[in-house]
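Structure first, then comments.
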Amino acid sequence: MTTACTVCELHAESTFKIEGMDCREEVTLLERRFSNLAGLEDFSADVMGQRLHVKYDAARLSAATITDAVADTGMRAWLEHEEPVAGTVPAERKRRYLVWTSGAALALGLILDASGASPGAAGALFGGSIGAGILAVGRRARNSLRAGVLDINVLMIIAVAGAIILQQYSEAAAVIFLFAVAQALEARTLERARHAISALMDLTPADALLRDASGERRVGVDAITPGAVIVIKPGEKIPLDGAVIAGHSEVNQSPVTGESLPIDKAPGDDVFAGTINGRGALEVRVTRLRRDTTLARIIHLVERAQAQRAPAQAVIERFARVYTPVVIAMAAAVAVIPPLVFQLSWHDWVYRALVLLVVSCPCALVISTPVSIVAALAAAARKGVLIKGGMHLERTSRVRCVAFDKTGTLTRGAPEVVDVVALNGAGAASIVGLAASVERRSTHPIARAILHYAAAARVAAAPADAVIALSGRGAEGRVDGHRVLLGNHRLFEERHLCSPEIHDRLEEMAAAGRTPVLVARDRRPIGIIAVADRPREAAKATVDLLREQGVKYIVMLTGDSEGTAKAIAAELGVDEYRADLLPEDKVAAVQELRRTHGFVAMVGDGVNDAPALATADVGIAMGAAGSDAALETADIALMADELLKLPYAFRLSRATVRNIKANLAISIVLKAAFVVAAVAGAATLWMAVLADTGASVIVIANALRLLRAD
């Protein structure tokens, strides 16, 4: 018995790209080959991404040895960050020539056979077709046999050999040709699914216009470091994340965030790699390396999500491990029992067994789930919705209760003036003008709301002097010789300026969820400015669309007062609201909703609501493009600050689950039908080939429809 010296172990992790890993059966080959590799600790295979993540002891095992072990299975591997190994294109071209040669020989043989002119020539052409077809697919079969695995390649060779023994030469040639063509089609459609997300990488230019002490020059983006200044000309793509330091322009952020309208950018605003500059030139100070940009992180997270197995996928793979040996055992029984027990024709029943062998491969069944998941993740990323994996996609489809944070999620997150109440004969313009004069230098959100309202109403604000901020109460100052006071109810009570009329007005505003700002001139109340955090324009439409998607219960959770929460809830039509909540109260509310309604999604800003997001079955963060925390912690991140992306995410999740179920139904029905047809003698070998490999092409093509989902 040998023991490893744990002190000397040098743990390492590497990710390899694998050429030729298209089905779970190739993973079985790798498992067999890796079982006797000294120093291997663990590995996981991502079939859709064609990646292999390996953990190993670098003191006992090298990346080169792992690459050689993969080569022993008939596949090829190279480290992900390196260039692909040479020879990929010639090998593919050779396979293509062999397939066309097999097809041409088969066609000529069928023509000669039908004419009856030259049986010998027809037989020779069938033999040539069989030989070319076997050369095209035989390498995988040989490697599978060496590993002791009965995969579809081995089963197909057995079926061809059996047809030859039964003197069904034309059918043997048709089987191997159709199998080779179907494999090529399957590889093409799978490749399209794999490249669905890689198109995002093409959004960033390879170089940028760098400005430094020596002037301006074009430099590769990989050579540009944070702090450098780059110039973005009108119409150009922005190559790196950064902050605008000079210039004004509108930027189309839809490639990253999915926003439908361009966003105005000015000095101090952030810009993202992959977005498109508008009509103005911008000078941008780079803040991130190319590999750390928001777009690069999105791509990395989606690729990592693709590698995660959804719950349905794990179930299907367990089923497939049972299905194949059962059908092979059934094929052996069909070949032997009827001739031996019932003295039936060996020729007929061996042929039926060969058909059963062909349909025993579960590849279409196994690939049906991951290809749908990958297509959905890619489609969502293009729309500015980052979904962290198939598990979260499936869970979202089961959500029947959605809990929303209020401030900044259902509402704009910034107060605005919604009403001006005049008192004692004053005019609304005079009230707003005096308030704006005193608040001109304040940065308080309510002050900004008053100034914005005054500017929009074209109300002039005269200069104010002797302005004093009254902490927690308001402010006062002198405007045109008049002493102006503005603030909350508490301040006016302290100054003995309140009246029954004012109290009535304040009660009305509190019931409507509005914050009052009282204004007095020369110790005489002249008006009340009502300020409120208004719902987003799309908030009501989002609630309605979620109900159409099958969400039964919608709740608003907020730390705001009862009056404010009640008013917003009534306007949006949510089923329930809970006010005056601390972060821990939101967690308790989500837990209670889970017990009552089952699967719950929590929608928030991804930072302040992190505990509640983590507690929910699905945590959804809004406006995550500029937030590292939101990108990392949420199950689903809406890159743009757009609520209508939320119904899209729910719609896509449900469409994906429907697609998976449809793919599974297609695979299972086809397999079951041909098992019955094979036993009944109603199916031929070439029909079985079309049913088996054709099913794979059908489920992949069906899944790719998700790329166009709206």
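Chain labels run A, B, ... following the order of the structure tokens; each chain numbers its residues from 1, and ligands are numbered from 1 in the order shown.
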| task | Mind listing the strand (DSSP E) residues of segment 41-234 of chain A, per DSSP on the backbone, as a PyMOL selection string? | result | chain A and resi 41-46+51-57+76-79+207-212+215-220+229-232
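Separating atom CA of Thr693 of chain A from atom CA of Val27 of chain A is a distance of 18.3 Å.
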| What does the distance from atom CA of Gly227 of chain A to atom CA of Pro239 of chain A come to in Å, to one decimal? | 14.3 Å
| task | Between atom CA of Ala539 of chain A and atom CA of Ala640 of chain A, measure the distance and give it in Å to one decimal. | result |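 Atom-to-atom, atom CA of Ala539 of chain A and atom CA of Ala640 of chain A are spaced 14.6 Å apart.
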| task | Name the closest residue to Glu171 of chain A among the candidates A:Ser437, A:Thr615, A:Ser129, A:Asn143; distances are taken between atoms, counting only C-alpha atoms. | result | A:Ser129
| For Leu518 of chain A, the nearest of the candidates A:Gly408, A:Pro415, A:Pro463, A:Gly474, counting only C-alpha atoms |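 Among A:Gly408, A:Pro415, A:Pro463, A:Gly474, it is A:Gly474 that comes nearest to Leu518 of chain A.
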| said: I'd like the neighbourhood of Gln50 of chain A as a list of chain:residue names, where a residue qualifies if any of its atoms comes within 8 Å (using only C-alpha atoms), though same-chain residues fewer than 5 positions away should be ignored. | reply: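 My reading of the contact set: A:Lys17, A:Ile18, A:Glu19, A:Gly20, A:Met21, A:Asp22, A:Ala45.
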| message | From a backbone DSSP assignment, name each residue in segment 256-482 of chain A labelled helix (DSSP H, G or I), as an MDAnalysis selection string. | response | chainID A and resid 256:257 290:292 294:307 311:342 346:358 363:382 390:398 406:410 428:439 445:456
| task | Would you mind listing what lies within 12 Å of Asn153 of chain A as a VMD selection string, with only C-alpha atoms counted and same-chain residues fewer than 4 positions away left out? | result | chain A and resid 23 25 to 26 74 133 to 145 149 157 to 160 175 to 176 179 to 180 183 357 to 361 363 689 693
| What's the 12 Å shell around Arg448 of chain A, counting only C-alpha atoms, without same-chain residues fewer than 4 positions away, as a list in words? |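 Skipping anything fewer than 4 positions along the chain leaves Ala414, Pro415, Glu416, Val417, Ala435, Ala436, Ser437, Val438, Glu439, Arg440, Arg441, Ser442, Thr443, His444, His452, Tyr453, Ala454, Ala455 and Val531 of chain A.
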Output N, CA, C and O atoms for every residue in that selection, as an mmCIF file, in the first residue's frame.
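Final output, saved to result-v6.cif:
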```
data_model
loop_
_atom_site.group_PDB
_atom_site.id
_atom_site.type_symbol
_atom_site.label_atom_id
_atom_site.label_comp_id
_atom_site.auth_asym_id
_atom_site.auth_seq_id
_atom_site.Cartn_x
_atom_site.Cartn_y
_atom_site.Cartn_z
ATOM 1 N N ALA A 414 -35.673 58.715 -6.412
ATOM 2 C CA ALA A 414 -35.360 60.131 -6.218
ATOM 3 C C ALA A 414 -36.675 60.883 -6.070
ATOM 4 O O ALA A 414 -37.568 60.741 -6.901
ATOM 5 N N PRO A 415 -36.822 61.698 -5.014
ATOM 6 C CA PRO A 415 -38.085 62.421 -4.817
ATOM 7 C C PRO A 415 -38.297 63.480 -5.887
ATOM 8 O O PRO A 415 -37.340 63.998 -6.468
ATOM 9 N N GLU A 416 -39.563 63.813 -6.126
ATOM 10 C CA GLU A 416 -39.896 64.888 -7.055
ATOM 11 C C GLU A 416 -41.126 65.618 -6.537
ATOM 12 O O GLU A 416 -41.931 65.063 -5.780
ATOM 13 N N VAL A 417 -41.243 66.856 -6.938
ATOM 14 C CA VAL A 417 -42.384 67.667 -6.513
ATOM 15 C C VAL A 417 -43.626 67.198 -7.261
ATOM 16 O O VAL A 417 -43.636 67.133 -8.494
ATOM 17 N N ALA A 435 -38.561 78.921 -2.231
ATOM 18 C CA ALA A 435 -37.940 77.668 -1.777
ATOM 19 C C ALA A 435 -36.683 77.364 -2.585
ATOM 20 O O ALA A 435 -35.653 76.960 -2.022
ATOM 21 N N ALA A 436 -36.750 77.568 -3.899
ATOM 22 C CA ALA A 436 -35.592 77.300 -4.750
ATOM 23 C C ALA A 436 -34.441 78.241 -4.425
ATOM 24 O O ALA A 436 -33.264 77.856 -4.480
ATOM 25 N N SER A 437 -34.761 79.490 -4.073
ATOM 26 C CA SER A 437 -33.706 80.450 -3.724
ATOM 27 C C SER A 437 -32.921 79.982 -2.511
ATOM 28 O O SER A 437 -31.683 80.020 -2.488
ATOM 29 N N VAL A 438 -33.624 79.538 -1.488
ATOM 30 C CA VAL A 438 -32.950 79.090 -0.263
ATOM 31 C C VAL A 438 -32.189 77.785 -0.488
ATOM 32 O O VAL A 438 -31.126 77.554 0.102
ATOM 33 N N GLU A 439 -32.711 76.912 -1.379
ATOM 34 C CA GLU A 439 -32.118 75.572 -1.573
ATOM 35 C C GLU A 439 -31.060 75.534 -2.675
ATOM 36 O O GLU A 439 -30.567 74.456 -3.000
ATOM 37 N N ARG A 440 -30.704 76.674 -3.245
ATOM 38 C CA ARG A 440 -29.831 76.675 -4.430
ATOM 39 C C ARG A 440 -28.510 75.951 -4.210
ATOM 40 O O ARG A 440 -27.989 75.310 -5.109
ATOM 41 N N ARG A 441 -27.955 76.042 -3.027
ATOM 42 C CA ARG A 441 -26.644 75.435 -2.775
ATOM 43 C C ARG A 441 -26.730 74.098 -2.034
ATOM 44 O O ARG A 441 -25.712 73.502 -1.710
ATOM 45 N N SER A 442 -27.913 73.623 -1.773
ATOM 46 C CA SER A 442 -28.072 72.375 -1.027
ATOM 47 C C SER A 442 -27.953 71.170 -1.961
ATOM 48 O O SER A 442 -28.337 71.225 -3.127
ATOM 49 N N THR A 443 -27.431 70.086 -1.429
ATOM 50 C CA THR A 443 -27.325 68.836 -2.198
ATOM 51 C C THR A 443 -28.318 67.786 -1.706
ATOM 52 O O THR A 443 -28.283 66.646 -2.158
ATOM 53 N N HIS A 444 -29.190 68.161 -0.790
ATOM 54 C CA HIS A 444 -30.182 67.218 -0.268
ATOM 55 C C HIS A 444 -31.121 66.790 -1.399
ATOM 56 O O HIS A 444 -31.493 67.608 -2.257
ATOM 57 N N HIS A 452 -35.205 71.234 -9.453
ATOM 58 C CA HIS A 452 -35.570 70.660 -10.757
ATOM 59 C C HIS A 452 -36.978 71.095 -11.152
ATOM 60 O O HIS A 452 -37.227 71.450 -12.317
ATOM 61 N N TYR A 453 -37.896 71.128 -10.195
ATOM 62 C CA TYR A 453 -39.269 71.528 -10.486
ATOM 63 C C TYR A 453 -39.317 73.006 -10.882
ATOM 64 O O TYR A 453 -40.031 73.392 -11.820
ATOM 65 N N ALA A 454 -38.549 73.836 -10.172
ATOM 66 C CA ALA A 454 -38.516 75.265 -10.485
ATOM 67 C C ALA A 454 -37.968 75.503 -11.889
ATOM 68 O O ALA A 454 -38.497 76.331 -12.646
ATOM 69 N N ALA A 455 -36.922 74.749 -12.248
ATOM 70 C CA ALA A 455 -36.344 74.912 -13.588
ATOM 71 C C ALA A 455 -37.319 74.467 -14.662
ATOM 72 O O ALA A 455 -37.456 75.124 -15.708
ATOM 73 N N VAL A 531 -43.695 66.491 -1.836
ATOM 74 C CA VAL A 531 -42.635 65.751 -2.529
ATOM 75 C C VAL A 531 -42.893 64.251 -2.345
ATOM 76 O O VAL A 531 -43.304 63.808 -1.266
#
```
| message | Give me, as number ranges by chain, all polymer residues having an atom no more than 9 Å from Ala511 of chain A, counting only C-alpha atoms and skipping those fewer than 3 positions away in the same chain. | response | A: 506-508, 514, 562-564, 566-567
Residues just named, written with all heavy atoms as an mmCIF file, in the first residue's frame:
```
data_model
loop_
_atom_site.group_PDB
_atom_site.id
_atom_site.type_symbol
_atom_site.label_atom_id
_atom_site.label_comp_id
_atom_site.auth_asym_id
_atom_site.auth_seq_id
_atom_site.Cartn_x
_atom_site.Cartn_y
_atom_site.Cartn_z
ATOM 1 N N LEU A 506 -51.605 68.477 5.992
ATOM 2 C CA LEU A 506 -50.526 67.511 6.254
ATOM 3 C C LEU A 506 -51.076 66.099 6.409
ATOM 4 O O LEU A 506 -50.447 65.124 5.976
ATOM 5 C CB LEU A 506 -49.742 67.913 7.505
ATOM 6 C CG LEU A 506 -48.941 69.225 7.406
ATOM 7 C CD1 LEU A 506 -48.208 69.496 8.710
ATOM 8 C CD2 LEU A 506 -47.958 69.189 6.246
ATOM 9 N N GLU A 507 -52.233 65.961 7.025
ATOM 10 C CA GLU A 507 -52.849 64.635 7.168
ATOM 11 C C GLU A 507 -53.226 64.059 5.804
ATOM 12 O O GLU A 507 -53.052 62.858 5.554
ATOM 13 C CB GLU A 507 -54.083 64.738 8.063
ATOM 14 C CG GLU A 507 -53.749 64.944 9.537
ATOM 15 C CD GLU A 507 -54.998 65.086 10.391
ATOM 16 O OE1 GLU A 507 -56.111 64.912 9.839
ATOM 17 O OE2 GLU A 507 -54.869 65.384 11.593
ATOM 18 N N GLU A 508 -53.728 64.908 4.919
ATOM 19 C CA GLU A 508 -54.072 64.460 3.565
ATOM 20 C C GLU A 508 -52.825 63.976 2.821
ATOM 21 O O GLU A 508 -52.849 62.952 2.132
ATOM 22 C CB GLU A 508 -54.726 65.607 2.784
ATOM 23 C CG GLU A 508 -56.103 65.995 3.289
ATOM 24 C CD GLU A 508 -56.635 67.224 2.571
ATOM 25 O OE1 GLU A 508 -55.968 67.697 1.617
ATOM 26 O OE2 GLU A 508 -57.711 67.723 2.962
ATOM 27 N N ARG A 514 -47.087 61.323 0.704
ATOM 28 C CA ARG A 514 -46.272 62.449 0.244
ATOM 29 C C ARG A 514 -45.543 63.100 1.411
ATOM 30 O O ARG A 514 -46.056 63.148 2.530
ATOM 31 C CB ARG A 514 -47.146 63.481 -0.471
ATOM 32 C CG ARG A 514 -47.793 62.915 -1.734
ATOM 33 C CD ARG A 514 -48.765 63.884 -2.355
ATOM 34 N NE ARG A 514 -49.276 63.373 -3.626
ATOM 35 C CZ ARG A 514 -50.140 64.009 -4.386
ATOM 36 N NH1 ARG A 514 -50.621 65.193 -4.010
ATOM 37 N NH2 ARG A 514 -50.543 63.479 -5.526
ATOM 38 N N GLU A 562 -45.808 53.823 6.536
ATOM 39 C CA GLU A 562 -47.051 53.155 6.158
ATOM 40 C C GLU A 562 -47.794 53.937 5.083
ATOM 41 O O GLU A 562 -48.273 53.360 4.097
ATOM 42 C CB GLU A 562 -47.937 53.004 7.402
ATOM 43 C CG GLU A 562 -49.328 52.460 7.143
ATOM 44 C CD GLU A 562 -49.358 50.970 6.890
ATOM 45 O OE1 GLU A 562 -48.358 50.289 7.207
ATOM 46 O OE2 GLU A 562 -50.385 50.493 6.360
ATOM 47 N N GLY A 563 -47.886 55.255 5.250
ATOM 48 C CA GLY A 563 -48.642 56.062 4.297
ATOM 49 C C GLY A 563 -48.040 56.025 2.909
ATOM 50 O O GLY A 563 -48.748 55.851 1.906
ATOM 51 N N THR A 564 -46.726 56.178 2.825
ATOM 52 C CA THR A 564 -46.048 56.154 1.529
ATOM 53 C C THR A 564 -46.202 54.789 0.867
ATOM 54 O O THR A 564 -46.513 54.687 -0.321
ATOM 55 C CB THR A 564 -44.555 56.482 1.711
ATOM 56 O OG1 THR A 564 -44.429 57.776 2.294
ATOM 57 C CG2 THR A 564 -43.832 56.449 0.378
ATOM 58 N N LYS A 566 -48.491 52.512 1.371
ATOM 59 C CA LYS A 566 -49.889 52.257 1.006
ATOM 60 C C LYS A 566 -50.246 52.958 -0.297
ATOM 61 O O LYS A 566 -50.917 52.376 -1.175
ATOM 62 C CB LYS A 566 -50.805 52.728 2.129
ATOM 63 C CG LYS A 566 -52.279 52.457 1.877
ATOM 64 C CD LYS A 566 -53.124 52.911 3.063
ATOM 65 C CE LYS A 566 -54.600 52.625 2.816
ATOM 66 N NZ LYS A 566 -55.431 53.067 3.973
ATOM 67 N N ALA A 567 -49.790 54.198 -0.456
ATOM 68 C CA ALA A 567 -50.106 54.959 -1.667
ATOM 69 C C ALA A 567 -49.476 54.324 -2.904
ATOM 70 O O ALA A 567 -50.133 54.172 -3.943
ATOM 71 C CB ALA A 567 -49.630 56.396 -1.512
#
```
| task | Using only C-alpha atoms, determine which residues lie at most 8 Å from segment 261-272 of chain A, disregarding the query and same-chain residues fewer than 6 positions distant; provide the list as a list in words. | result |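 These residues fall inside the cut-off: Ile238, Pro239, Leu240, Asp241, Gly242, Ala243, Val244, Ile245, Ala246, Gly247, His248, Ser249, Glu250, Val251, Asn252, Gln253, Ser254, Thr293, Thr294 and Leu295 of chain A.
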| Closest to Ser368 of chain A among A:Leu572, A:Ile529, A:Leu706, A:Ala695, using only C-alpha atoms? |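 Between A:Leu572, A:Ile529, A:Leu706, A:Ala695, the residue approaching Ser368 of chain A most closely is A:Ala695.
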